[in-house]
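Below: model_28.txt (compact mmCIF, C-alpha atoms and all ligand atoms)
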# COMPACT_ATOMS: atom_id res chain seq x y z
CA MET A 1 11.78 5.73 -11.87
CA LYS A 2 8.06 5.18 -12.20
CA VAL A 3 5.67 3.84 -9.56
CA PHE A 4 2.24 2.36 -10.17
CA ILE A 5 0.06 3.15 -7.16
CA ASN A 6 -3.10 1.13 -6.54
CA PRO A 7 -5.35 2.37 -3.75
CA GLY A 8 -7.33 -0.70 -2.67
CA HIS A 9 -11.00 -1.40 -3.39
CA ALA A 10 -13.55 0.43 -5.52
CA PRO A 11 -13.69 4.17 -6.30
CA ASN A 12 -16.28 5.81 -4.01
CA GLY A 13 -16.79 2.42 -2.39
CA ASN A 14 -19.06 1.29 -5.20
CA PRO A 15 -19.55 -1.64 -5.09
CA ASP A 16 -16.77 -2.47 -2.60
CA PRO A 17 -15.61 0.01 0.07
CA GLY A 18 -13.23 -2.53 1.62
CA ALA A 19 -13.24 -2.62 5.41
CA VAL A 20 -15.32 -0.07 7.31
CA ASN A 21 -15.01 1.04 10.95
CA SER A 22 -18.46 0.32 12.38
CA GLU A 23 -18.32 3.19 14.87
CA THR A 24 -16.89 6.04 12.80
CA GLY A 25 -17.84 4.88 9.31
CA LEU A 26 -14.27 5.40 8.07
CA ARG A 27 -13.90 3.43 4.83
CA GLU A 28 -10.78 1.67 3.60
CA CYS A 29 -11.36 2.79 -0.01
CA ASP A 30 -11.27 6.46 1.03
CA VAL A 31 -8.18 6.16 3.23
CA ALA A 32 -6.32 4.21 0.52
CA LEU A 33 -7.22 6.77 -2.16
CA ALA A 34 -6.25 9.79 -0.04
CA VAL A 35 -2.94 8.26 1.01
CA GLY A 36 -2.22 7.02 -2.52
CA LYS A 37 -2.90 10.41 -4.11
CA SER A 38 -0.86 12.25 -1.55
CA ALA A 39 2.03 9.76 -1.83
CA ALA A 40 1.94 10.33 -5.60
CA SER A 41 2.31 14.11 -5.08
CA TYR A 42 5.27 13.62 -2.75
CA LEU A 43 6.88 11.24 -5.25
CA ASN A 44 6.28 13.62 -8.16
CA ALA A 45 7.91 16.39 -6.13
CA ALA A 46 10.91 14.08 -5.63
CA GLY A 47 11.17 13.50 -9.38
CA VAL A 48 9.50 10.07 -9.39
CA GLU A 49 6.86 9.44 -12.05
CA THR A 50 3.57 7.91 -10.90
CA GLU A 51 0.43 6.35 -12.31
CA LEU A 52 -2.53 5.76 -10.01
CA LEU A 53 -5.51 3.47 -10.48
CA GLN A 54 -8.22 2.47 -8.05
CA SER A 55 -10.55 -0.12 -9.53
CA ASP A 56 -12.88 -2.88 -8.43
CA SER A 57 -11.28 -5.13 -11.07
CA LEU A 58 -8.00 -6.69 -9.96
CA TYR A 59 -7.56 -7.89 -13.53
CA GLU A 60 -7.82 -4.34 -14.86
CA ILE A 61 -5.33 -3.11 -12.25
CA CYS A 62 -2.72 -5.72 -13.22
CA GLU A 63 -3.25 -5.15 -16.95
CA ALA A 64 -2.82 -1.40 -16.51
CA ALA A 65 0.23 -1.84 -14.29
CA ASN A 66 1.90 -4.24 -16.71
CA ALA A 67 1.26 -1.84 -19.61
CA SER A 68 2.49 1.19 -17.66
CA ASP A 69 6.28 0.71 -17.82
CA ALA A 70 6.31 1.23 -14.06
CA ASP A 71 9.38 -0.04 -12.21
CA ILE A 72 7.46 -0.94 -9.09
CA PHE A 73 3.86 -1.52 -7.96
CA VAL A 74 2.43 -0.39 -4.62
CA SER A 75 -1.05 -1.39 -3.49
CA ILE A 76 -2.43 0.46 -0.47
CA HIS A 77 -4.90 -1.10 1.99
CA CYS A 78 -6.09 -1.03 5.59
CA ASN A 79 -6.22 -4.18 7.67
CA ALA A 80 -9.35 -5.40 9.48
CA VAL A 81 -10.32 -8.22 11.80
CA GLU A 82 -13.15 -8.94 14.19
CA ALA A 83 -10.92 -8.63 17.27
CA GLU A 84 -10.72 -4.91 17.97
CA GLU A 85 -7.36 -5.28 19.79
CA ALA A 86 -5.42 -6.27 16.67
CA ASN A 87 -3.32 -3.36 15.45
CA GLY A 88 -0.22 -2.43 13.53
CA THR A 89 1.37 -2.17 10.12
CA GLU A 90 2.40 -4.97 7.75
CA THR A 91 3.66 -5.05 4.18
CA TRP A 92 3.36 -7.99 1.80
CA ALA A 93 5.75 -9.02 -0.96
CA CYS A 94 5.59 -11.92 -3.41
CA ALA A 95 7.66 -15.02 -2.70
CA GLY A 96 10.75 -15.17 -4.87
CA SER A 97 10.96 -11.43 -5.51
CA TYR A 98 14.13 -10.06 -3.92
CA ARG A 99 13.38 -6.52 -5.05
CA GLY A 100 9.81 -6.84 -3.86
CA SER A 101 10.97 -7.76 -0.36
CA VAL A 102 13.51 -4.91 -0.34
CA LEU A 103 10.73 -2.48 -1.34
CA ALA A 104 8.43 -3.95 1.33
CA ASN A 105 11.12 -3.50 3.99
CA CYS A 106 11.76 0.12 2.95
CA ILE A 107 8.06 1.08 3.12
CA GLN A 108 7.42 -0.94 6.31
CA SER A 109 10.33 0.76 8.14
CA GLN A 110 9.26 4.25 7.13
CA LEU A 111 5.65 3.65 8.21
CA VAL A 112 6.38 2.19 11.65
CA ASN A 113 9.03 4.83 12.35
CA ALA A 114 6.83 7.74 11.27
CA LEU A 115 3.54 6.62 12.81
CA ASP A 116 4.83 4.53 15.73
CA THR A 117 2.42 1.74 14.84
CA THR A 118 3.09 -1.85 15.93
CA ASP A 119 5.61 -3.42 13.55
CA ARG A 120 3.98 -6.62 12.30
CA GLY A 121 6.78 -6.97 9.77
CA VAL A 122 7.11 -7.89 6.13
CA LYS A 123 5.03 -10.88 5.08
CA ILE A 124 5.60 -13.13 2.11
CA ALA A 125 2.69 -14.14 -0.11
CA THR A 126 3.26 -17.42 -1.94
CA PRO A 127 1.27 -17.93 -5.16
CA GLY A 128 -1.04 -20.93 -4.81
CA VAL A 129 -0.76 -20.87 -1.00
CA ASN A 130 -1.53 -17.40 0.33
CA GLY A 131 -0.88 -15.48 -2.86
CA LEU A 132 -2.36 -12.03 -3.35
CA TYR A 133 -3.73 -11.46 -6.85
CA VAL A 134 -2.06 -8.12 -7.50
CA LEU A 135 1.31 -9.43 -6.31
CA THR A 136 1.09 -12.64 -8.33
CA ASN A 137 -0.14 -11.03 -11.55
CA THR A 138 2.09 -7.96 -11.85
CA ASP A 139 5.39 -8.18 -13.75
CA MET A 140 7.43 -5.77 -11.61
CA PRO A 141 8.51 -5.82 -7.95
CA ALA A 142 5.21 -5.38 -6.13
CA VAL A 143 4.07 -4.83 -2.57
CA LEU A 144 0.76 -4.59 -0.76
CA VAL A 145 0.82 -2.26 2.23
CA GLU A 146 -1.61 -2.73 5.13
CA LEU A 147 -1.19 0.74 6.66
CA ALA A 148 -2.91 -0.06 9.97
CA PHE A 149 -6.10 -1.71 11.31
CA ILE A 150 -9.25 0.25 10.55
CA THR A 151 -10.97 -1.92 13.19
CA ASN A 152 -8.66 -0.78 16.05
CA PRO A 153 -9.50 2.56 17.72
CA GLY A 154 -5.89 3.79 17.95
CA ASP A 155 -5.02 2.75 14.42
CA GLU A 156 -8.31 4.15 13.12
CA ASP A 157 -7.38 7.53 14.56
CA ILE A 158 -4.10 7.42 12.59
CA LEU A 159 -5.87 6.32 9.40
CA ALA A 160 -8.40 9.13 9.77
CA HIS A 161 -6.11 11.96 10.87
CA ASP A 162 -2.53 11.19 9.86
CA GLN A 163 -3.03 10.54 6.16
CA ASP A 164 -0.36 13.06 5.21
CA ALA A 165 2.24 11.36 7.42
CA LEU A 166 1.20 7.95 6.06
CA ALA A 167 1.62 9.23 2.50
CA ARG A 168 5.01 10.77 3.23
CA ALA A 169 6.19 7.50 4.79
CA VAL A 170 5.09 5.48 1.76
CA ALA A 171 6.82 7.96 -0.56
CA ARG A 172 10.01 7.88 1.52
CA GLY A 173 9.98 4.10 1.47
CA VAL A 174 9.85 4.24 -2.32
CA THR A 175 12.73 6.71 -2.57
CA ASP A 176 14.76 4.62 -0.08
CA TYR A 177 14.24 1.66 -2.41
CA GLU A 178 15.25 3.77 -5.39
CA GLN A 179 18.51 4.68 -3.65
CA LEU A 180 19.23 1.10 -2.60
CA ILE A 181 18.36 -0.73 -5.81
CA LEU A 182 18.51 1.73 -8.65
CA GLY A 183 21.18 4.05 -7.29
CA GLY A 184 18.90 7.05 -7.54
CA LYS A 185 18.18 6.70 -11.26
ZN ZN A 201 -8.11 -4.03 1.43
Take the structure in the file and write it out as structure tokens.
Amino acid sequence: MKVFINPGHAPNGNPDPGAVNSETGLRECDVALAVGKSAASYLNAAGVETELLQSDSLYEICEAANASDADIFVSIHCNAVEAEEANGTETWACAGSYRGSVLANCIQSQLVNALDTTDRGVKIATPGVNGLYVLTNTDMPAVLVELAFITNPGDEDILAHDQDALARAVARGVTDYEQLILGGK
């Protein structure tokens, strides 16, 4: 199996760092890259092939993913809102993709079990309504993971200090999916 991993936002935050915690300066682009790279190492160790691309161009990401022969696509992000209280983990899949929602459930379960974050559940993005570009424009089962809220103090602490556990949970979610759908091939 091969996984295309897309850490969200621009490399080195230039021009777009994604969300930033105003107190600590922790940037979404850095968390996503660290977790994505580390998840790739865990997957490689488990015999899963990976390709990783962080880019400011969503078009470039989808083109690369669709040319990669990857079986699944995983985009990694951190959530953010103005209300500091909001917290937890959610994973998005594209409407109509059974395999995408299975993958989303596998990753979501591993993350909330490993990190004990609030389980906000799997969310469905419907093209033309609340579609997410990378989910709508990739050819394979695709998910977008919102690891936790970078704007919440408790979640921020996890995003800053538990990146290895986050990466392991993402990788385990992928291998759970592999077992369920592909029978370990
Ligand atoms: Zn993001």
- Spatial neighbours of region 20-36 of chain A, 6 Å, all atoms listed in the file, chain gap at least 3 places, as a list of chain:residue names: A:Pro7, A:Gly8, A:His9, A:Gly13, A:Pro17, A:Ala39, A:Ile76, A:His77, A:Cys78, A:Ile150, A:Thr151, A:Gln163, A:Ala167
- Please provide as number ranges by chain all residues within 12 Å of region 114-129 of chain A, with the sequence filter that same-chain residues fewer than 5 positions apart are discarded (counting all atoms listed in the file). A: 79, 85-98, 100-109, 134-137, 142-149, 152, 154-159, 161-173
Any chance you can output those residues with C-alpha atoms as an mmCIF file, in the coordinates of the input?
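Result saved to again_8.cif:
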data_model
loop_
_atom_site.group_PDB
_atom_site.id
_atom_site.type_symbol
_atom_site.label_atom_id
_atom_site.label_comp_id
_atom_site.auth_asym_id
_atom_site.auth_seq_id
_atom_site.Cartn_x
_atom_site.Cartn_y
_atom_site.Cartn_z
ATOM 1 C CA ASN A 79 -6.220 -4.180 7.670
ATOM 2 C CA GLU A 85 -7.360 -5.280 19.790
ATOM 3 C CA ALA A 86 -5.420 -6.270 16.670
ATOM 4 C CA ASN A 87 -3.320 -3.360 15.450
ATOM 5 C CA GLY A 88 -0.220 -2.430 13.530
ATOM 6 C CA THR A 89 1.370 -2.170 10.120
ATOM 7 C CA GLU A 90 2.400 -4.970 7.750
ATOM 8 C CA THR A 91 3.660 -5.050 4.180
ATOM 9 C CA TRP A 92 3.360 -7.990 1.800
ATOM 10 C CA ALA A 93 5.750 -9.020 -0.960
ATOM 11 C CA CYS A 94 5.590 -11.920 -3.410
ATOM 12 C CA ALA A 95 7.660 -15.020 -2.700
ATOM 13 C CA GLY A 96 10.750 -15.170 -4.870
ATOM 14 C CA SER A 97 10.960 -11.430 -5.510
ATOM 15 C CA TYR A 98 14.130 -10.060 -3.920
ATOM 16 C CA GLY A 100 9.810 -6.840 -3.860
ATOM 17 C CA SER A 101 10.970 -7.760 -0.360
ATOM 18 C CA VAL A 102 13.510 -4.910 -0.340
ATOM 19 C CA LEU A 103 10.730 -2.480 -1.340
ATOM 20 C CA ALA A 104 8.430 -3.950 1.330
ATOM 21 C CA ASN A 105 11.120 -3.500 3.990
ATOM 22 C CA CYS A 106 11.760 0.120 2.950
ATOM 23 C CA ILE A 107 8.060 1.080 3.120
ATOM 24 C CA GLN A 108 7.420 -0.940 6.310
ATOM 25 C CA SER A 109 10.330 0.760 8.140
ATOM 26 C CA VAL A 134 -2.060 -8.120 -7.500
ATOM 27 C CA LEU A 135 1.310 -9.430 -6.310
ATOM 28 C CA THR A 136 1.090 -12.640 -8.330
ATOM 29 C CA ASN A 137 -0.140 -11.030 -11.550
ATOM 30 C CA ALA A 142 5.210 -5.380 -6.130
ATOM 31 C CA VAL A 143 4.070 -4.830 -2.570
ATOM 32 C CA LEU A 144 0.760 -4.590 -0.760
ATOM 33 C CA VAL A 145 0.820 -2.260 2.230
ATOM 34 C CA GLU A 146 -1.610 -2.730 5.130
ATOM 35 C CA LEU A 147 -1.190 0.740 6.660
ATOM 36 C CA ALA A 148 -2.910 -0.060 9.970
ATOM 37 C CA PHE A 149 -6.100 -1.710 11.310
ATOM 38 C CA ASN A 152 -8.660 -0.780 16.050
ATOM 39 C CA GLY A 154 -5.890 3.790 17.950
ATOM 40 C CA ASP A 155 -5.020 2.750 14.420
ATOM 41 C CA GLU A 156 -8.310 4.150 13.120
ATOM 42 C CA ASP A 157 -7.380 7.530 14.560
ATOM 43 C CA ILE A 158 -4.100 7.420 12.590
ATOM 44 C CA LEU A 159 -5.870 6.320 9.400
ATOM 45 C CA HIS A 161 -6.110 11.960 10.870
ATOM 46 C CA ASP A 162 -2.530 11.190 9.860
ATOM 47 C CA GLN A 163 -3.030 10.540 6.160
ATOM 48 C CA ASP A 164 -0.360 13.060 5.210
ATOM 49 C CA ALA A 165 2.240 11.360 7.420
ATOM 50 C CA LEU A 166 1.200 7.950 6.060
ATOM 51 C CA ALA A 167 1.620 9.230 2.500
ATOM 52 C CA ARG A 168 5.010 10.770 3.230
ATOM 53 C CA ALA A 169 6.190 7.500 4.790
ATOM 54 C CA VAL A 170 5.090 5.480 1.760
ATOM 55 C CA ALA A 171 6.820 7.960 -0.560
ATOM 56 C CA ARG A 172 10.010 7.880 1.520
ATOM 57 C CA GLY A 173 9.980 4.100 1.470
#
Kindly provide, as JSON, the centre and edge lengths (Å, one decimal) of an axis-aligned box around all atoms of region 84-91 of chain A given in the file, with 8 Å on each side.
{"center_x": -3.5, "center_y": -4.2, "center_z": 12.0, "size_x": 30.4, "size_y": 20.1, "size_z": 31.6}
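Closest approach to ligand ZN 201 (chain A) among A:Ala40, A:Ala67, A:Val48, A:Ala80 is made by A:Ala80 (distances from all atoms listed in the file).
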- Task: Find, counting all atoms listed in the file, the residue in A:Asp56, A:Glu51, A:Asp69, A:Glu178 that gets nearest to ligand ZN 201 (chain A).
- Result: A:Asp56
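Counting only C-alpha atoms and all ligand atoms and comparing A:Tyr133, A:Lys2, A:Ala65, A:Lys37, the residue that lies closest to ligand ZN 201 (chain A) is A:Tyr133.
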- A:Ala70, A:Ala160, A:Leu43, A:Leu132 ranked by distance to ligand ZN 201 (chain A), top pick (using all atoms listed in the file): A:Leu132
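Across the structure, CA of Ser38 (chain A) and CA of Val81 (chain A) are spaced 26.2 Å apart.
Nearest-residue note for ligand ZN 201 (chain A): choosing from A:Ala64, A:Ala19, A:Val112, A:Met1, the minimum distance belongs to A:Ala19, counting all atoms listed in the file.
CA of Asn44 (chain A) is positioned 15.7 Å from CA of Asn6 (chain A).
Among the candidate residues A:Thr50, A:Ser55, A:Gln110, A:Asn66, the one lying nearest to ligand ZN 201 (chain A) is A:Ser55, with distances computed using all atoms listed in the file.
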- Polymer residues at most 7 Å from Phe73 (chain A), all atoms listed in the file, same-chain spacing of 4 or more positions, as a PyMOL selection string: chain A and resi 3-5+140-143
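Between CA of Asn113 (chain A) and CA of Thr138 (chain A) the separation is 28.2 Å.
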Generate all heavy atoms for region 167-178 of chain A and emit them as a compact mmCIF listing (two decimals), keeping the file's coordinate frame.
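The file below, rebuild04.txt, is the result:
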# COMPACT_ATOMS: atom_id res chain seq x y z
N ALA A 167 1.23 9.05 3.90
CA ALA A 167 1.62 9.23 2.50
C ALA A 167 3.11 9.55 2.38
O ALA A 167 3.81 9.01 1.51
CB ALA A 167 0.80 10.34 1.86
N ARG A 168 3.59 10.41 3.26
CA ARG A 168 5.01 10.77 3.23
C ARG A 168 5.88 9.54 3.50
O ARG A 168 6.93 9.36 2.89
CB ARG A 168 5.31 11.87 4.25
CG ARG A 168 5.65 13.20 3.60
CD ARG A 168 5.99 14.25 4.64
NE ARG A 168 4.87 14.43 5.55
CZ ARG A 168 4.97 14.70 6.84
NH1 ARG A 168 6.16 14.79 7.40
NH2 ARG A 168 3.90 14.87 7.58
N ALA A 169 5.43 8.71 4.45
CA ALA A 169 6.19 7.50 4.79
C ALA A 169 6.23 6.53 3.61
O ALA A 169 7.28 5.95 3.30
CB ALA A 169 5.60 6.83 6.03
N VAL A 170 5.11 6.36 2.93
CA VAL A 170 5.09 5.48 1.76
C VAL A 170 6.04 6.02 0.69
O VAL A 170 6.85 5.29 0.11
CB VAL A 170 3.65 5.33 1.19
CG1 VAL A 170 3.66 4.61 -0.15
CG2 VAL A 170 2.76 4.58 2.18
N ALA A 171 5.96 7.34 0.46
CA ALA A 171 6.82 7.96 -0.56
C ALA A 171 8.30 7.82 -0.19
O ALA A 171 9.14 7.51 -1.04
CB ALA A 171 6.45 9.43 -0.74
N ARG A 172 8.62 8.02 1.08
CA ARG A 172 10.01 7.88 1.52
C ARG A 172 10.50 6.45 1.38
O ARG A 172 11.66 6.21 1.04
CB ARG A 172 10.16 8.33 2.98
CG ARG A 172 10.17 9.83 3.13
CD ARG A 172 10.84 10.20 4.46
NE ARG A 172 10.70 11.63 4.69
CZ ARG A 172 10.06 12.15 5.72
NH1 ARG A 172 9.52 11.37 6.63
NH2 ARG A 172 9.98 13.46 5.85
N GLY A 173 9.62 5.50 1.66
CA GLY A 173 9.98 4.10 1.47
C GLY A 173 10.35 3.82 0.02
O GLY A 173 11.32 3.11 -0.26
N VAL A 174 9.58 4.41 -0.89
CA VAL A 174 9.85 4.24 -2.32
C VAL A 174 11.19 4.88 -2.70
O VAL A 174 11.99 4.27 -3.42
CB VAL A 174 8.70 4.83 -3.17
CG1 VAL A 174 9.09 4.91 -4.64
CG2 VAL A 174 7.44 3.97 -3.00
N THR A 175 11.45 6.07 -2.20
CA THR A 175 12.73 6.71 -2.57
C THR A 175 13.92 6.03 -1.88
O THR A 175 15.01 5.99 -2.44
CB THR A 175 12.70 8.24 -2.31
OG1 THR A 175 12.30 8.49 -0.95
CG2 THR A 175 11.75 8.94 -3.25
N ASP A 176 13.71 5.44 -0.70
CA ASP A 176 14.76 4.62 -0.08
C ASP A 176 15.10 3.43 -0.98
O ASP A 176 16.27 3.09 -1.19
CB ASP A 176 14.32 4.08 1.28
CG ASP A 176 14.26 5.15 2.36
OD1 ASP A 176 14.74 6.27 2.11
OD2 ASP A 176 13.73 4.86 3.45
N TYR A 177 14.05 2.80 -1.50
CA TYR A 177 14.24 1.66 -2.41
C TYR A 177 15.01 2.10 -3.65
O TYR A 177 15.93 1.41 -4.11
CB TYR A 177 12.88 1.09 -2.79
CG TYR A 177 12.92 0.10 -3.94
CD1 TYR A 177 13.16 -1.26 -3.68
CD2 TYR A 177 12.71 0.50 -5.25
CE1 TYR A 177 13.21 -2.18 -4.73
CE2 TYR A 177 12.76 -0.41 -6.29
CZ TYR A 177 13.01 -1.74 -6.04
OH TYR A 177 13.05 -2.64 -7.08
N GLU A 178 14.61 3.25 -4.18
CA GLU A 178 15.25 3.77 -5.39
C GLU A 178 16.76 3.93 -5.15
O GLU A 178 17.58 3.55 -5.99
CB GLU A 178 14.61 5.11 -5.76
CG GLU A 178 15.12 5.70 -7.06
CD GLU A 178 14.49 7.06 -7.36
OE1 GLU A 178 14.08 7.75 -6.41
OE2 GLU A 178 14.41 7.40 -8.55
